[in-house]
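The data block below is structure.txt; it holds compact mmCIF, C-alpha atoms.
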# COMPACT_ATOMS: atom_id res chain seq x y z
CA MET A 115 -112.71 -121.01 -39.16
CA ALA A 116 -110.25 -118.17 -38.52
CA GLY A 117 -109.53 -119.50 -35.04
CA LYS A 118 -108.86 -123.00 -36.35
CA LEU A 119 -106.53 -121.65 -39.04
CA ALA A 120 -104.70 -119.46 -36.53
CA ASP A 121 -104.39 -122.37 -34.09
CA ALA A 122 -102.93 -124.48 -36.91
CA ASP A 123 -100.30 -121.74 -37.51
CA ARG A 124 -101.99 -120.68 -40.75
CA SER A 125 -102.63 -117.05 -39.86
CA THR A 126 -101.61 -115.85 -43.31
CA SER A 127 -104.29 -118.06 -44.87
CA ALA A 128 -106.87 -116.78 -42.38
CA THR A 129 -105.88 -113.18 -43.18
CA PHE A 130 -106.18 -113.91 -46.89
CA VAL A 131 -109.66 -115.42 -46.51
CA ALA A 132 -110.82 -112.56 -44.26
CA GLY A 133 -109.53 -110.08 -46.83
CA LEU A 134 -111.52 -111.83 -49.56
CA PHE A 135 -114.63 -111.58 -47.38
CA LEU A 136 -113.98 -107.84 -46.98
CA VAL A 137 -113.58 -107.34 -50.72
CA GLY A 138 -116.71 -109.38 -51.45
CA SER A 139 -118.73 -107.58 -48.81
CA PHE A 140 -118.14 -104.18 -50.35
CA GLY A 141 -119.05 -105.58 -53.76
CA LEU A 142 -122.38 -106.66 -52.27
CA LEU A 143 -122.78 -103.42 -50.34
CA SER A 144 -122.29 -101.37 -53.49
CA PHE A 145 -125.41 -103.03 -54.90
CA GLY A 146 -127.13 -102.66 -51.52
CA ARG A 147 -127.89 -99.09 -52.44
CA SER A 148 -130.87 -100.37 -54.39
CA SER A 149 -131.48 -103.78 -52.77
CA LEU A 150 -132.20 -104.32 -49.10
CA ALA A 151 -131.44 -108.06 -49.40
CA LEU A 152 -127.95 -107.38 -50.83
CA LEU A 153 -127.34 -104.74 -48.18
CA ILE A 154 -128.13 -107.25 -45.43
CA VAL A 155 -126.00 -110.01 -47.01
CA GLY A 156 -123.16 -107.51 -47.51
CA ILE A 157 -123.29 -106.50 -43.85
CA VAL A 158 -123.19 -110.14 -42.73
CA VAL A 159 -120.23 -110.90 -45.04
CA LEU A 160 -118.46 -107.75 -43.80
CA ASP A 161 -118.98 -108.86 -40.21
CA VAL A 162 -117.62 -112.35 -40.93
CA GLY A 163 -114.51 -110.88 -42.58
CA THR A 164 -113.97 -108.36 -39.79
CA GLN A 165 -114.43 -110.94 -37.03
CA GLY A 166 -112.12 -113.36 -38.83
CA MET A 167 -109.46 -110.67 -39.05
CA GLN A 168 -109.92 -109.81 -35.37
CA ILE A 169 -109.47 -113.44 -34.29
CA THR A 170 -106.41 -113.86 -36.51
CA ASN A 171 -104.81 -110.65 -35.29
CA GLN A 172 -105.33 -111.59 -31.67
CA ALA A 173 -103.86 -115.07 -32.22
CA ILE A 174 -100.77 -113.48 -33.76
CA ILE A 175 -100.25 -110.92 -31.01
CA TYR A 176 -100.95 -113.39 -28.20
CA ALA A 177 -98.17 -115.61 -29.55
CA LEU A 178 -95.68 -112.76 -29.12
CA ARG A 179 -95.77 -112.86 -25.32
CA PRO A 180 -98.24 -115.35 -23.86
CA ASP A 181 -97.42 -114.09 -20.38
CA ALA A 182 -98.58 -110.56 -21.29
CA ARG A 183 -101.87 -111.25 -23.06
CA SER A 184 -103.89 -108.76 -21.05
CA ARG A 185 -101.49 -105.88 -21.69
CA ILE A 186 -101.05 -106.80 -25.34
CA ASN A 187 -104.81 -107.03 -25.82
CA SER A 188 -105.31 -103.64 -24.17
CA ALA A 189 -102.81 -102.01 -26.52
CA TYR A 190 -104.30 -103.84 -29.50
CA MET A 191 -107.86 -102.77 -28.69
CA VAL A 192 -106.83 -99.14 -28.22
CA CYS A 193 -105.16 -99.22 -31.65
CA TYR A 194 -108.17 -101.06 -33.09
CA PHE A 195 -110.60 -98.38 -31.89
CA ILE A 196 -108.32 -95.54 -33.02
CA GLY A 197 -108.19 -97.19 -36.45
CA GLY A 198 -111.97 -97.56 -36.42
CA ALA A 199 -112.40 -93.88 -35.55
CA ILE A 200 -110.01 -92.83 -38.33
CA GLY A 201 -111.87 -95.14 -40.74
CA SER A 202 -115.21 -93.65 -39.73
CA VAL A 203 -114.00 -90.09 -40.28
CA THR A 204 -112.44 -91.06 -43.60
CA ALA A 205 -115.61 -92.83 -44.73
CA GLY A 206 -117.63 -89.75 -43.77
CA VAL A 207 -115.40 -87.48 -45.82
CA VAL A 208 -115.43 -89.89 -48.77
CA TYR A 209 -119.22 -90.22 -48.53
CA GLY A 210 -119.60 -86.43 -48.54
CA ARG A 211 -117.52 -86.15 -51.68
CA PHE A 212 -118.21 -89.39 -53.61
CA GLY A 213 -121.33 -90.88 -52.02
CA TRP A 214 -122.07 -94.54 -51.38
CA THR A 215 -119.97 -95.70 -54.32
CA GLY A 216 -116.92 -93.90 -52.93
CA VAL A 217 -117.32 -95.55 -49.53
CA CYS A 218 -117.62 -98.97 -51.18
CA VAL A 219 -114.50 -98.31 -53.25
CA LEU A 220 -112.64 -97.25 -50.08
CA GLY A 221 -113.72 -100.42 -48.25
CA THR A 222 -112.78 -102.56 -51.25
CA ALA A 223 -109.36 -100.90 -51.33
CA PHE A 224 -108.78 -101.80 -47.67
CA GLY A 225 -109.82 -105.39 -48.42
CA VAL A 226 -107.52 -105.56 -51.46
CA LEU A 227 -104.66 -104.19 -49.34
CA THR A 228 -105.31 -106.93 -46.76
CA VAL A 229 -105.26 -109.63 -49.46
CA ALA A 230 -102.08 -108.17 -50.99
CA MET A 231 -100.31 -108.13 -47.62
CA ALA A 232 -101.35 -111.75 -46.95
CA LEU A 233 -100.06 -112.79 -50.37
CA HIS A 234 -96.81 -110.95 -49.69
CA ASP A 235 -96.43 -112.79 -46.37
CA ARG A 236 -97.21 -116.10 -48.06
CA VAL A 237 -94.55 -115.57 -50.74
CA ARG A 238 -92.01 -113.98 -48.45
CA PRO A 239 -92.55 -114.72 -44.75
CA PRO A 240 -90.99 -112.29 -42.29
CA ARG A 241 -87.48 -113.14 -41.13
CA PRO A 242 -87.40 -114.41 -37.54
CA SER A 243 -85.03 -111.64 -36.45
CA LEU A 244 -87.64 -109.05 -37.49
CA VAL A 245 -90.44 -110.64 -35.50
CA VAL A 246 -91.09 -108.92 -32.18
CA GLY A 247 -90.11 -111.13 -29.29
CA ALA A 248 -88.02 -113.49 -31.47
CA PRO A 249 -84.48 -114.19 -30.31
CA VAL A 250 -81.89 -112.13 -32.17
CA ARG A 251 -79.11 -114.18 -33.70
In C-alpha cells, what does this structure look like?
Amino acid sequence: MAGKLADADRSTSATFVAGLFLVGSFGLLSFGRSSLALLIVGIVVLDVGTQGMQITNQAIIYALRPDARSRINSAYMVCYFIGGAIGSVTAGVVYGRFGWTGVCVLGTAFGVLTVAMALHDRVRPPRPSLVVGAPVR
C-alpha cells in the first residue's frame, strides 16, 4: 500500500497512515504486557507501520536524484541504523526508569510526531525552492 501511494505521488498520505500504524501498535503493545496475543498483534502492526515508512522514505529520496540511487540509499541506511541505535539506547534508558509503559509512551510519541509532520506537510507543502535537488528560481 505504501509503495502504491508513493508511486501515485501521495507520500504524505502514506506517511500519515504509517504514523497511525505506529501509534496503534504501541497502544496494542502497552496491553501486551499481560496478553501474548496483543503483544504479537502489536509487533505485526509495528512492523507494517515501520515498513510502510521505510518504503515511503525511500521513494521520496530516490526521486531527489534518480541517477544516484545507490549513493542516496547508502547514506539513508547509515542514518536509519544510527537512528535505530539511538532509539534502542533511549528505549533502554526509558525502560530502566519507567518500565514497559514508558517505552510504549515513547513509541507512541514518535508515532504522534510522524502523524503531526504528515499533517503539517498536507496543510502546508514544502516550497519547491526548499526541496533538495529542485531548481532554484
Note to self: Which residues are near segment 190-198 of chain A? Cut-off 12 Å, all atoms listed in the file, ignore same chain within fewer than 2 positions. Put them as a PyMOL selection string.
What the structure shows: chain A and resi 164+167-169+171-176+183-188+200-205
With C-alpha atoms retained, could you export that selection as a compact mmCIF listing (two decimals), in the frame of the given file?
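Once everything was written out, this is selection32.txt:
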# COMPACT_ATOMS: atom_id res chain seq x y z
CA THR A 164 -113.97 -108.36 -39.79
CA MET A 167 -109.46 -110.67 -39.05
CA GLN A 168 -109.92 -109.81 -35.37
CA ILE A 169 -109.47 -113.44 -34.29
CA ASN A 171 -104.81 -110.65 -35.29
CA GLN A 172 -105.33 -111.59 -31.67
CA ALA A 173 -103.86 -115.07 -32.22
CA ILE A 174 -100.77 -113.48 -33.76
CA ILE A 175 -100.25 -110.92 -31.01
CA TYR A 176 -100.95 -113.39 -28.20
CA ARG A 183 -101.87 -111.25 -23.06
CA SER A 184 -103.89 -108.76 -21.05
CA ARG A 185 -101.49 -105.88 -21.69
CA ILE A 186 -101.05 -106.80 -25.34
CA ASN A 187 -104.81 -107.03 -25.82
CA SER A 188 -105.31 -103.64 -24.17
CA ILE A 200 -110.01 -92.83 -38.33
CA GLY A 201 -111.87 -95.14 -40.74
CA SER A 202 -115.21 -93.65 -39.73
CA VAL A 203 -114.00 -90.09 -40.28
CA THR A 204 -112.44 -91.06 -43.60
CA ALA A 205 -115.61 -92.83 -44.73
Next item on the list: May I have the protein, DNA and RNA residues with an atom at most 7 Å from (-112.2, -112.3, -42.5), counting all atoms listed in the file in the file's coordinates, returned as a PyMOL selection string?
Entry: chain A and resi 128-129+131-133+135-136+162-167
Next item on the list: Calculate how many Å separate atom CA of Ser125 of chain A from atom CA of Leu152 of chain A, rounding to one decimal.
Entry: 29.2 Å
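Picture a line from atom CA of Val219 of chain A to atom CA of Val159 of chain A; it runs 16.1 Å.
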Margin query: Residues within 9 Å of Leu142 of chain A, please, as number ranges by chain. Count only C-alpha atoms; anything in the same chain fewer than 5 positions from it doesn't count.
Written below: A: 137, 152-157, 159
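Comparing A:Gly225, A:Thr215, A:Met231, A:Arg236 by their smallest distance to Ser139 of chain A, the closest is A:Gly225 (using all atoms listed in the file).
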